[in-house]
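Text of the file query_23.cif, holding mmCIF, C-alpha atoms:
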data_run
#
loop_
_atom_site.label_atom_id
_atom_site.label_comp_id
_atom_site.auth_asym_id
_atom_site.auth_seq_id
_atom_site.Cartn_x
_atom_site.Cartn_y
_atom_site.Cartn_z
CA MET S 1 -12.98 -11.77 -7.77
CA LEU S 2 -9.29 -12.01 -8.56
CA ALA S 3 -7.28 -8.96 -9.52
CA VAL S 4 -6.70 -8.87 -13.25
CA PRO S 5 -3.26 -8.76 -14.89
CA ALA S 6 -1.40 -5.46 -14.81
CA ALA S 7 -1.30 -5.13 -18.59
CA MET S 8 -5.05 -4.64 -18.65
CA TYR S 9 -5.12 -1.34 -16.78
CA THR S 10 -3.18 1.77 -15.89
CA ILE S 11 -4.72 2.75 -12.57
CA GLY S 12 -6.11 0.06 -10.29
CA ILE S 13 -8.69 -2.51 -11.29
CA PRO S 14 -11.19 -1.69 -14.07
CA LYS S 15 -14.48 -0.58 -12.55
CA ALA S 16 -16.25 -3.55 -14.15
CA PHE S 17 -14.08 -5.80 -11.95
CA ALA S 18 -13.92 -3.58 -8.87
CA ALA S 19 -14.94 -4.99 -5.50
CA TYR S 20 -15.60 -1.65 -3.83
CA THR S 21 -16.71 1.92 -4.44
CA PRO S 22 -15.82 4.32 -1.63
CA ALA S 23 -18.31 6.88 -0.39
CA ALA S 24 -17.35 10.56 -0.53
CA ARG S 25 -15.96 12.15 2.61
CA THR S 26 -17.64 15.13 4.27
CA ARG S 27 -16.55 18.58 3.04
CA GLY S 28 -17.85 21.94 1.95
CA THR S 29 -18.80 22.98 -1.60
CA ALA S 30 -16.02 25.50 -2.29
CA SER S 31 -13.79 24.73 -5.29
CA LEU S 32 -10.40 26.37 -5.79
CA ASN S 33 -7.94 25.91 -8.65
CA VAL S 34 -4.19 25.80 -7.91
CA ARG S 35 -3.56 27.78 -11.13
CA ASN S 36 -5.32 30.74 -9.55
CA TYR S 37 -2.79 30.70 -6.72
CA GLY S 38 0.31 30.75 -8.88
CA ALA S 39 0.91 27.12 -9.83
CA LEU S 40 2.40 26.87 -13.33
CA GLY S 41 2.58 23.13 -13.87
CA ASN S 42 5.41 23.50 -16.37
CA GLY S 43 7.76 20.88 -14.88
CA ALA S 44 10.34 23.50 -13.86
CA ASN S 45 8.74 25.97 -11.46
CA ASP S 46 8.48 24.93 -7.79
CA ASP S 47 4.70 24.94 -7.24
CA THR S 48 4.73 23.95 -3.56
CA THR S 49 3.87 27.42 -2.25
CA ALA S 50 0.99 27.82 -4.70
CA PHE S 51 -0.50 24.46 -3.74
CA GLN S 52 -0.29 25.30 -0.05
CA ALA S 53 -1.86 28.71 -0.66
CA ALA S 54 -4.84 27.08 -2.37
CA VAL S 55 -5.27 24.59 0.50
CA ASN S 56 -5.04 27.37 3.09
CA ALA S 57 -7.57 29.51 1.21
CA LEU S 58 -10.39 26.99 1.63
CA PRO S 59 -13.15 28.25 3.95
CA ALA S 60 -13.74 26.74 7.38
CA ALA S 61 -16.18 24.20 5.94
CA GLY S 62 -13.51 22.98 3.52
CA GLY S 63 -14.01 22.04 -0.11
CA THR S 64 -12.05 20.91 -3.17
CA VAL S 65 -8.67 21.99 -4.50
CA VAL S 66 -8.55 21.22 -8.23
CA VAL S 67 -5.27 20.42 -9.99
CA PRO S 68 -5.58 20.68 -13.80
CA ALA S 69 -3.36 18.72 -16.19
CA GLY S 70 0.31 19.67 -15.95
CA ASN S 71 3.66 18.74 -14.42
CA TYR S 72 3.85 20.27 -10.95
CA VAL S 73 7.14 20.25 -9.07
CA ILE S 74 6.52 19.79 -5.34
CA ASP S 75 9.27 20.13 -2.75
CA PRO S 76 8.77 17.11 -0.43
CA VAL S 77 11.03 18.66 2.21
CA ARG S 78 8.38 21.36 2.66
CA ASN S 79 5.51 19.15 1.37
CA VAL S 80 1.90 20.11 0.73
CA ARG S 81 0.03 19.77 4.01
CA LEU S 82 -3.67 19.00 3.57
CA ARG S 83 -6.36 20.20 5.97
CA SER S 84 -9.58 18.72 7.31
CA ASN S 85 -12.71 18.50 5.16
CA MET S 86 -10.99 18.77 1.81
CA HIS S 87 -10.54 16.93 -1.48
CA LEU S 88 -7.32 17.26 -3.47
CA GLN S 89 -8.59 16.43 -6.94
CA LEU S 90 -5.93 15.76 -9.58
CA GLN S 91 -7.51 15.89 -13.00
CA PRO S 92 -6.40 13.58 -15.85
CA GLY S 93 -2.86 14.50 -16.87
CA ALA S 94 -1.99 16.09 -13.54
CA ILE S 95 1.40 14.92 -12.25
CA LEU S 96 3.07 15.85 -8.97
CA ARG S 97 6.84 15.41 -9.32
CA ALA S 98 9.01 15.31 -6.21
CA LYS S 99 11.76 17.92 -6.33
CA ARG S 100 15.08 16.18 -5.91
CA ASN S 101 16.52 16.53 -2.42
CA ASN S 102 19.04 14.95 -0.05
CA GLN S 103 16.80 14.40 2.96
CA GLU S 104 16.12 11.07 4.67
CA ARG S 105 12.53 12.11 5.42
CA ALA S 106 10.45 14.01 2.86
CA TYR S 107 6.84 13.64 1.69
CA VAL S 108 5.07 15.03 -1.37
CA LEU S 109 1.67 15.12 0.38
CA MET S 110 1.26 15.22 4.16
CA VAL S 111 -2.03 14.28 5.86
CA TYR S 112 -1.30 15.03 9.52
CA LYS S 113 -3.83 14.94 12.39
CA VAL S 114 -6.79 15.87 10.17
CA THR S 115 -10.14 14.33 9.29
CA ASN S 116 -12.36 13.92 6.20
CA VAL S 117 -9.67 14.09 3.53
CA GLU S 118 -9.82 12.70 0.01
CA ILE S 119 -6.99 12.52 -2.55
CA SER S 120 -7.85 11.37 -6.05
CA GLY S 121 -6.64 11.17 -9.62
CA GLY S 122 -3.43 11.86 -11.48
CA GLN S 123 0.07 10.74 -10.60
CA ILE S 124 2.79 11.23 -8.04
CA ILE S 125 6.35 10.54 -9.21
CA GLY S 126 9.08 10.43 -6.59
CA ASP S 127 12.77 11.27 -6.83
CA ARG S 128 14.32 7.81 -6.34
CA ASP S 129 16.06 8.04 -9.72
CA ASN S 130 17.79 11.35 -8.96
CA HIS S 131 17.75 11.62 -5.15
CA LEU S 132 20.74 13.59 -3.89
CA GLY S 133 21.27 11.57 -0.69
CA THR S 134 22.22 7.95 -0.09
CA THR S 135 20.75 7.28 3.37
CA GLY S 136 17.20 7.04 4.71
CA GLU S 137 14.06 5.20 3.66
CA TRP S 138 11.28 7.67 4.36
CA GLY S 139 10.81 9.60 1.14
CA HIS S 140 7.09 8.89 0.70
CA GLY S 141 4.57 9.93 -1.92
CA ILE S 142 1.69 10.27 0.55
CA MET S 143 2.28 10.37 4.31
CA VAL S 144 -0.79 9.86 6.54
CA ARG S 145 -0.26 10.27 10.29
CA GLY S 146 -2.75 10.45 13.14
CA SER S 147 -5.67 11.15 10.82
CA THR S 148 -9.22 9.82 10.47
CA LYS S 149 -11.63 9.34 7.56
CA VAL S 150 -9.05 9.54 4.78
CA THR S 151 -9.56 8.17 1.25
CA VAL S 152 -6.83 7.82 -1.39
CA ARG S 153 -8.23 6.66 -4.72
CA ASP S 154 -7.72 6.50 -8.48
CA ILE S 155 -4.07 7.57 -8.37
CA HIS S 156 -0.77 6.23 -9.74
CA ILE S 157 2.28 6.57 -7.45
CA SER S 158 5.78 5.55 -8.50
CA LYS S 159 9.51 5.93 -7.94
CA CYS S 160 9.37 7.22 -4.37
CA PHE S 161 12.59 7.12 -2.34
CA GLY S 162 10.63 5.37 0.43
CA ASP S 163 6.99 4.21 0.22
CA GLY S 164 4.30 5.07 -2.24
CA ILE S 165 1.87 5.47 0.68
CA SER S 166 2.67 5.33 4.39
CA ILE S 167 -0.05 5.18 7.07
CA GLY S 168 0.76 5.44 10.78
CA GLY S 169 0.43 7.17 14.12
CA ALA S 170 1.29 10.74 15.06
CA MET S 171 3.66 10.92 18.02
CA VAL S 172 2.81 13.45 20.71
CA THR S 173 5.34 14.45 23.37
CA GLY S 174 4.21 13.25 26.79
CA ALA S 175 1.00 11.71 25.45
CA PRO S 176 -0.08 8.52 23.67
CA THR S 177 0.51 8.24 19.96
CA ILE S 178 -2.54 9.20 17.89
CA PRO S 179 -3.41 6.32 15.52
CA CYS S 180 -4.98 6.61 12.11
CA ASP S 181 -8.56 5.35 11.84
CA ASP S 182 -10.95 4.72 8.93
CA ILE S 183 -8.46 4.85 6.06
CA ILE S 184 -9.49 3.72 2.56
CA ILE S 185 -7.09 2.96 -0.28
CA ASP S 186 -9.01 2.23 -3.49
CA ASN S 187 -8.06 1.82 -7.15
CA VAL S 188 -4.43 2.82 -6.61
CA VAL S 189 -1.27 1.70 -8.39
CA SER S 190 1.85 2.03 -6.24
CA THR S 191 4.82 0.68 -8.17
CA GLY S 192 8.58 0.91 -8.45
CA ASN S 193 9.08 2.48 -5.04
CA ARG S 194 12.33 2.00 -3.13
CA ARG S 195 11.01 0.60 0.18
CA GLN S 196 7.44 -0.59 -0.38
CA GLY S 197 4.16 0.07 -2.10
CA LEU S 198 2.14 0.56 1.08
CA THR S 199 3.06 0.63 4.76
CA ILE S 200 0.31 0.30 7.36
CA GLY S 201 1.61 1.21 10.81
CA CYS S 202 -0.28 2.38 13.90
CA ALA S 203 -3.87 2.36 12.62
CA THR S 204 -7.33 0.83 12.94
CA ASN S 205 -9.97 0.11 10.33
CA VAL S 206 -7.91 0.25 7.15
CA LYS S 207 -9.49 -0.93 3.89
CA VAL S 208 -7.44 -1.60 0.75
CA TYR S 209 -9.36 -2.47 -2.43
CA ASP S 210 -8.82 -2.90 -6.15
CA SER S 211 -5.19 -1.78 -6.14
CA GLU S 212 -1.73 -2.82 -7.33
CA PHE S 213 1.43 -2.84 -5.20
CA SER S 214 4.39 -3.91 -7.28
CA ALA S 215 8.11 -3.76 -8.03
CA SER S 216 9.27 -2.48 -4.63
CA LYS S 217 13.06 -2.69 -4.61
CA GLY S 218 15.98 -0.80 -3.14
CA ILE S 219 15.92 -0.99 0.67
CA ALA S 220 14.34 -3.53 3.04
CA PRO S 221 11.65 -4.71 3.59
CA GLU S 222 10.86 -4.19 -0.15
CA CYS S 223 7.29 -5.50 0.26
CA GLY S 224 4.14 -4.83 -1.71
CA ILE S 225 2.28 -4.22 1.58
CA ASP S 226 3.98 -4.14 4.99
CA ILE S 227 1.61 -4.15 8.00
CA GLU S 228 3.98 -3.29 10.79
CA PRO S 229 3.77 -0.82 13.70
CA ASP S 230 7.02 0.96 14.47
CA ALA S 231 9.41 -1.01 16.66
CA ASN S 232 10.32 -0.32 20.29
CA ASP S 233 7.05 1.27 21.37
CA GLY S 234 3.57 0.10 22.34
CA ARG S 235 1.77 1.00 19.14
CA SER S 236 -0.45 -1.54 17.40
CA THR S 237 -2.46 -2.09 14.23
CA SER S 238 -5.89 -3.70 14.02
CA THR S 239 -8.69 -4.48 11.57
CA VAL S 240 -7.11 -4.34 8.12
CA HIS S 241 -9.02 -5.60 5.07
CA ILE S 242 -7.19 -6.15 1.76
CA GLU S 243 -9.34 -7.30 -1.17
CA ASN S 244 -9.08 -7.70 -4.95
CA CYS S 245 -5.52 -6.43 -5.15
CA LEU S 246 -2.59 -7.35 -7.38
CA ILE S 247 0.68 -7.74 -5.45
CA ARG S 248 3.55 -8.76 -7.67
CA LYS S 249 7.25 -8.62 -8.47
CA ASN S 250 8.32 -7.06 -5.17
CA ALA S 251 11.90 -7.87 -4.16
CA GLY S 252 10.75 -8.88 -0.68
CA ASN S 253 7.51 -10.49 0.49
CA GLY S 254 4.24 -9.76 -1.26
CA ILE S 255 2.52 -9.04 2.07
CA LEU S 256 4.24 -8.93 5.46
CA VAL S 257 2.06 -9.01 8.61
CA TYR S 258 4.20 -8.32 11.66
CA LYS S 259 4.07 -8.17 15.45
CA ARG S 260 1.37 -6.27 17.39
CA VAL S 261 -1.05 -6.59 14.49
CA ALA S 262 -4.53 -8.11 14.86
CA GLY S 263 -7.47 -8.83 12.59
CA VAL S 264 -6.03 -8.82 9.06
CA THR S 265 -8.08 -10.21 6.15
CA VAL S 266 -6.50 -10.88 2.75
CA LYS S 267 -9.21 -11.81 0.27
CA SER S 268 -9.47 -12.40 -3.49
CA CYS S 269 -6.01 -11.05 -4.28
CA THR S 270 -3.41 -12.20 -6.81
CA ILE S 271 0.00 -12.47 -5.14
CA GLU S 272 2.72 -13.51 -7.56
CA TYR S 273 6.39 -13.41 -8.57
CA ASN S 274 7.57 -11.88 -5.30
CA GLY S 275 11.18 -12.31 -4.21
CA GLY S 276 10.27 -13.57 -0.75
CA ASN S 277 7.12 -15.31 0.45
CA GLY S 278 3.79 -14.49 -1.09
CA ILE S 279 2.46 -13.82 2.44
CA LEU S 280 4.63 -13.90 5.58
CA THR S 281 3.29 -13.48 9.11
CA ILE S 282 5.52 -12.91 12.14
CA GLY S 283 3.71 -12.54 15.45
CA PRO S 284 0.23 -11.25 14.52
CA ASP S 285 -2.90 -12.36 16.34
CA GLY S 286 -5.96 -13.25 14.28
CA GLY S 287 -6.52 -13.14 10.55
CA THR S 288 -8.10 -14.70 7.48
CA ILE S 289 -6.52 -15.53 4.13
CA THR S 290 -9.19 -16.63 1.67
CA GLY S 291 -10.01 -16.78 -2.03
CA ASN S 292 -6.56 -15.67 -3.19
CA THR S 293 -4.37 -16.84 -6.07
CA ILE S 294 -0.83 -17.20 -4.73
CA ARG S 295 1.72 -18.26 -7.32
CA HIS S 296 5.31 -18.17 -8.58
CA ASN S 297 6.75 -16.71 -5.36
CA TYR S 298 10.46 -17.30 -4.74
CA LEU S 299 9.99 -18.67 -1.23
CA LEU S 300 6.77 -20.16 0.12
CA GLY S 301 3.30 -19.17 -0.98
CA THR S 302 2.14 -18.50 2.60
CA ASN S 303 4.41 -18.81 5.61
CA PHE S 304 2.98 -18.60 9.14
CA GLY S 305 6.09 -17.55 11.04
CA SER S 306 7.14 -17.16 14.65
CA GLU S 307 4.42 -16.49 17.26
CA THR S 308 1.61 -16.19 14.71
CA LYS S 309 -1.73 -17.28 16.16
CA ASN S 310 -5.42 -17.61 15.34
CA TYR S 311 -5.29 -17.64 11.54
CA GLN S 312 -7.67 -19.20 9.00
CA PHE S 313 -6.39 -20.24 5.55
CA GLY S 314 -8.99 -21.55 3.12
CA GLY S 315 -10.38 -21.41 -0.39
CA ASN S 316 -7.07 -20.29 -1.92
CA ILE S 317 -5.38 -21.43 -5.13
CA SER S 318 -1.61 -21.85 -4.83
CA ARG S 319 0.56 -22.68 -7.84
CA ASN S 320 4.30 -23.14 -8.38
CA ASN S 321 5.60 -21.51 -5.21
CA ASN S 322 9.08 -21.93 -3.77
CA THR S 323 10.55 -21.24 -7.20
CA ARG S 324 13.97 -21.01 -5.54
CA LEU S 325 13.89 -24.82 -5.51
CA HIS S 326 11.43 -25.69 -8.26
CA GLY S 327 11.96 -22.97 -10.83
CA VAL S 328 9.20 -20.98 -12.52
CA ASN S 329 6.59 -23.15 -14.22
CA THR S 330 3.78 -21.34 -16.01
CA VAL S 331 2.15 -24.54 -17.27
CA LEU S 332 -1.29 -24.85 -15.67
CA ASN S 333 -0.94 -28.22 -14.01
CA PRO S 334 -4.14 -29.75 -12.61
CA LEU S 335 -5.18 -28.46 -9.21
CA VAL S 336 -5.31 -30.88 -6.30
CA SER S 337 -7.60 -30.22 -3.33
CA MET S 338 -6.06 -30.71 0.11
CA THR S 339 -7.16 -30.00 3.68
CA GLY S 340 -4.60 -29.20 6.36
CA LEU S 341 -0.83 -29.22 6.09
CA VAL S 342 0.25 -32.19 3.96
CA ALA S 343 3.90 -33.25 4.04
CA GLY S 344 5.89 -35.06 1.38
CA ASN S 345 6.65 -34.66 -2.30
CA GLN S 346 2.93 -34.75 -3.15
CA GLY S 347 2.01 -32.42 -0.28
CA ASN S 348 1.50 -28.67 -0.06
CA GLY S 349 4.65 -27.62 1.82
CA ALA S 350 5.84 -25.29 -0.95
CA HIS S 351 2.54 -23.43 -0.75
CA VAL S 352 1.62 -23.17 2.93
CA ALA S 353 3.64 -23.90 6.06
CA LYS S 354 3.92 -22.97 9.72
CA VAL S 355 6.73 -22.95 12.23
CA SER S 356 6.39 -24.71 15.59
CA THR S 357 5.69 -21.50 17.51
CA ALA S 358 2.74 -20.58 15.27
CA THR S 359 -0.42 -21.73 17.06
CA ALA S 360 -4.13 -22.10 16.26
CA ILE S 361 -3.46 -22.04 12.52
CA THR S 362 -6.39 -23.64 10.68
CA VAL S 363 -5.66 -24.72 7.13
CA ASN S 364 -8.98 -25.58 5.54
CA THR S 365 -9.51 -26.90 2.02
CA ASN S 366 -7.40 -25.22 -0.67
CA SER S 367 -6.29 -26.08 -4.20
CA TYR S 368 -2.65 -26.60 -5.12
CA ALA S 369 -0.54 -27.28 -8.21
CA LYS S 370 3.18 -27.64 -8.86
#

Write the structure described by the file as structure tokens, please.
Amino acid sequence: MLAVPAAMYTIGIPKAFAAYTPAARTRGTASLNVRNYGALGNGANDDTTAFQAAVNALPAAGGTVVVPAGNYVIDPVRNVRLRSNMHLQLQPGAILRAKRNNQERAYVLMVYKVTNVEISGGQIIGDRDNHLGTTGEWGHGIMVRGSTKVTVRDIHISKCFGDGISIGGAMVTGAPTIPCDDIIIDNVVSTGNRRQGLTIGCATNVKVYDSEFSASKGIAPECGIDIEPDANDGRSTSTVHIENCLIRKNAGNGILVYKRVAGVTVKSCTIEYNGGNGILTIGPDGGTITGNTIRHNYLLGTNFGSETKNYQFGGNISRNNNTRLHGVNTVLNPLVSMTGLVAGNQGNGAHVAKVSTATAITVNTNSYAK
């Protein structure tokens, strides 16, 4: 099912249209309220210490930290560090606001080398509009590193100095990097962030459902979703599933799939009005792009770039891509079914293409319109 237009919802895809419902993670039954640990939620007081105190007070079995409605200022330089076997539950009207700072690296919530963590509800608003520094790209709303069994759901994240959500490995001195594994992003809106909506770095088994990644702009790559392990090391990313998502109006590519990435599926998404390609691959091995609507992107709809191999592209609808040359046309011209890469003015080159070094790219039957 295709993601519905943004105007129809505030957080993610309406449940009637949702493709996925995540199971709860394992945790204890304790429930603690951040207000009981000194959080004021008045938009002025720094509530970071109170939040951390509530997290630290959970028993060994873990439990839930409840955040009632309010405006909570969180210092991302210190951040709130979550622990294993816990749920950070933001109730309706709960907003975490990043305290303005001048640091290149700062994170509102940190999920570092833990397991069985759930974050849900409310909003995170970053400091991109009043950040005190001018350099850096790593001011994230939620930072997940070297963790397993993590779910982020039903939350609105915006205006971060870096990414809305960043997933990746935890570096260990003298030992291999610890990847993330079994990460679920569901019913999230990540919009208006400076670098990108979602970064997926060193990780395995990442599922992204029923979410919006939009309006990334400010510092490259400016993608909706960037699947890209860090450069200059041996880290890799594998088995990523993206389904029923809305990816639109990013200054860069809608989705970028980069080197040392394997096994990416993009299914039943709407990818539109992006400032680069709808989907760009550079060097990944193995993937499927199926059932998507890819339209009104400034460059190509889908571009299989250098050293890409073993990709399947089928069952997609592509309309009015390469608007750099053709302009935006919202008239619903009749769809034409084509199989393979078809050259010429009546072909599908604006919608799907491959460079000579991309190999084993299978373009099955898709529908196209100018």

Step by step, gather every atom of segment 270-277 of chain S that the file lists, find the box along x, y and z that holds them, add 4 Å on each side, and finally give centre and edge lengths in Å to one decimal, as AutoDock Vina command-line options.
--center_x 3.9 --center_y -13.6 --center_z -4.1 --size_x 22.6 --size_y 11.4 --size_z 17.0

Next item on the list: Output the residue selection produced by the PyMOL selection byres ((chain S and resi 334) around 12) on the file above, formatted as a PyMOL selection string.
Entry: chain S and resi 317-320+331-333+335-337+367-370

Written selection (C-alpha atoms) as a compact mmCIF listing (two decimals), in the frame of the given file:
# COMPACT_ATOMS: atom_id res chain seq x y z
CA ILE S 317 -5.38 -21.43 -5.13
CA SER S 318 -1.61 -21.85 -4.83
CA ARG S 319 0.56 -22.68 -7.84
CA ASN S 320 4.30 -23.14 -8.38
CA VAL S 331 2.15 -24.54 -17.27
CA LEU S 332 -1.29 -24.85 -15.67
CA ASN S 333 -0.94 -28.22 -14.01
CA LEU S 335 -5.18 -28.46 -9.21
CA VAL S 336 -5.31 -30.88 -6.30
CA SER S 337 -7.60 -30.22 -3.33
CA SER S 367 -6.29 -26.08 -4.20
CA TYR S 368 -2.65 -26.60 -5.12
CA ALA S 369 -0.54 -27.28 -8.21
CA LYS S 370 3.18 -27.64 -8.86

Checklist line | Residues within 7 Å of (-9.6, 6.3, 1.9), file coords, only C-alpha atoms, listed as a PyMOL selection string | finding: chain S and resi 118+149-153+183-186

When the PyMOL selection byres ((chain S and resi 275) around 8) is applied to the structure above, which residues does it catch, written out as a PDB file with C-alpha atoms, in the frame of the given file?
ATOM      1  CA  LYS S 249       7.250  -8.620  -8.470  1.00  0.00           C
ATOM      2  CA  ASN S 250       8.320  -7.060  -5.170  1.00  0.00           C
ATOM      3  CA  ALA S 251      11.900  -7.870  -4.160  1.00  0.00           C
ATOM      4  CA  GLY S 252      10.750  -8.880  -0.680  1.00  0.00           C
ATOM      5  CA  ASN S 253       7.510 -10.490   0.490  1.00  0.00           C
ATOM      6  CA  GLY S 254       4.240  -9.760  -1.260  1.00  0.00           C
ATOM      7  CA  TYR S 273       6.390 -13.410  -8.570  1.00  0.00           C
ATOM      8  CA  ASN S 274       7.570 -11.880  -5.300  1.00  0.00           C
ATOM      9  CA  GLY S 276      10.270 -13.570  -0.750  1.00  0.00           C
ATOM     10  CA  ASN S 277       7.120 -15.310   0.450  1.00  0.00           C
ATOM     11  CA  ASN S 297       6.750 -16.710  -5.360  1.00  0.00           C
ATOM     12  CA  TYR S 298      10.460 -17.300  -4.740  1.00  0.00           C
ATOM     13  CA  LEU S 299       9.990 -18.670  -1.230  1.00  0.00           C
TER      14      LEU S 299
END

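Applied to this file, the PyMOL selection byres ((chain S and resi 109) around 9) selects the residues Ile74, Pro76, Asn79, Val80, Arg81, Leu82, Tyr107, Val108, Met110, Val111, His140, Gly141, Ile142, Met143 and Val144 of chain S.
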
Note to self: Please determine, counting only C-alpha atoms, which residue among S:Gly218, S:Gln89, S:Ile155, S:Ile95 has the shortest atom-to-atom distance to Thr135 of chain S.
What the structure shows: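 Of S:Gly218, S:Gln89, S:Ile155, S:Ile95, the one nearest Thr135 of chain S, counting only C-alpha atoms, is S:Gly218.
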
Checklist line | Among the residues S:Asn366, S:Val77, S:Val117, S:Ala358, the one that comes closest to Val342 of chain S [using all atoms listed in the file] | finding: S:Asn366

Could you rebuild segment 258-273 of chain S with N, CA and C atoms and give me the result as an mmCIF file, in the frame of the given file?
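Here's the written file out_18.cif:
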data_model
loop_
_atom_site.group_PDB
_atom_site.id
_atom_site.type_symbol
_atom_site.label_atom_id
_atom_site.label_comp_id
_atom_site.auth_asym_id
_atom_site.auth_seq_id
_atom_site.Cartn_x
_atom_site.Cartn_y
_atom_site.Cartn_z
ATOM 1 N N TYR S 258 3.183 -8.224 10.617
ATOM 2 C CA TYR S 258 4.200 -8.320 11.660
ATOM 3 C C TYR S 258 3.583 -8.256 13.066
ATOM 4 N N LYS S 259 4.445 -8.128 14.044
ATOM 5 C CA LYS S 259 4.070 -8.170 15.450
ATOM 6 C C LYS S 259 3.141 -7.012 15.824
ATOM 7 N N ARG S 260 2.322 -7.252 16.862
ATOM 8 C CA ARG S 260 1.370 -6.270 17.390
ATOM 9 C C ARG S 260 0.344 -5.843 16.342
ATOM 10 N N VAL S 261 -0.015 -6.806 15.499
ATOM 11 C CA VAL S 261 -1.050 -6.590 14.490
ATOM 12 C C VAL S 261 -2.149 -7.624 14.717
ATOM 13 N N ALA S 262 -3.405 -7.192 14.633
ATOM 14 C CA ALA S 262 -4.530 -8.110 14.860
ATOM 15 C C ALA S 262 -5.620 -7.856 13.829
ATOM 16 N N GLY S 263 -6.280 -8.948 13.414
ATOM 17 C CA GLY S 263 -7.470 -8.830 12.590
ATOM 18 C C GLY S 263 -7.213 -8.406 11.158
ATOM 19 N N VAL S 264 -6.333 -9.132 10.449
ATOM 20 C CA VAL S 264 -6.030 -8.820 9.060
ATOM 21 C C VAL S 264 -6.714 -9.841 8.146
ATOM 22 N N THR S 265 -7.465 -9.361 7.176
ATOM 23 C CA THR S 265 -8.080 -10.210 6.150
ATOM 24 C C THR S 265 -7.435 -9.925 4.801
ATOM 25 N N VAL S 266 -6.990 -10.978 4.128
ATOM 26 C CA VAL S 266 -6.500 -10.880 2.750
ATOM 27 C C VAL S 266 -7.414 -11.748 1.899
ATOM 28 N N LYS S 267 -8.135 -11.126 0.988
ATOM 29 C CA LYS S 267 -9.210 -11.810 0.270
ATOM 30 C C LYS S 267 -9.148 -11.511 -1.233
ATOM 31 N N SER S 268 -9.285 -12.538 -2.032
ATOM 32 C CA SER S 268 -9.470 -12.400 -3.490
ATOM 33 C C SER S 268 -8.378 -11.569 -4.145
ATOM 34 N N CYS S 269 -7.144 -11.749 -3.695
ATOM 35 C CA CYS S 269 -6.010 -11.050 -4.280
ATOM 36 C C CYS S 269 -5.192 -12.001 -5.151
ATOM 37 N N THR S 270 -4.415 -11.453 -6.069
ATOM 38 C CA THR S 270 -3.410 -12.200 -6.810
ATOM 39 C C THR S 270 -2.047 -11.773 -6.294
ATOM 40 N N ILE S 271 -1.284 -12.752 -5.781
ATOM 41 C CA ILE S 271 0.000 -12.470 -5.140
ATOM 42 C C ILE S 271 1.037 -13.336 -5.838
ATOM 43 N N GLU S 272 1.908 -12.715 -6.644
ATOM 44 C CA GLU S 272 2.720 -13.510 -7.560
ATOM 45 C C GLU S 272 4.100 -12.900 -7.813
ATOM 46 N N TYR S 273 5.046 -13.788 -8.122
ATOM 47 C CA TYR S 273 6.390 -13.410 -8.570
ATOM 48 C C TYR S 273 7.106 -12.489 -7.577
#
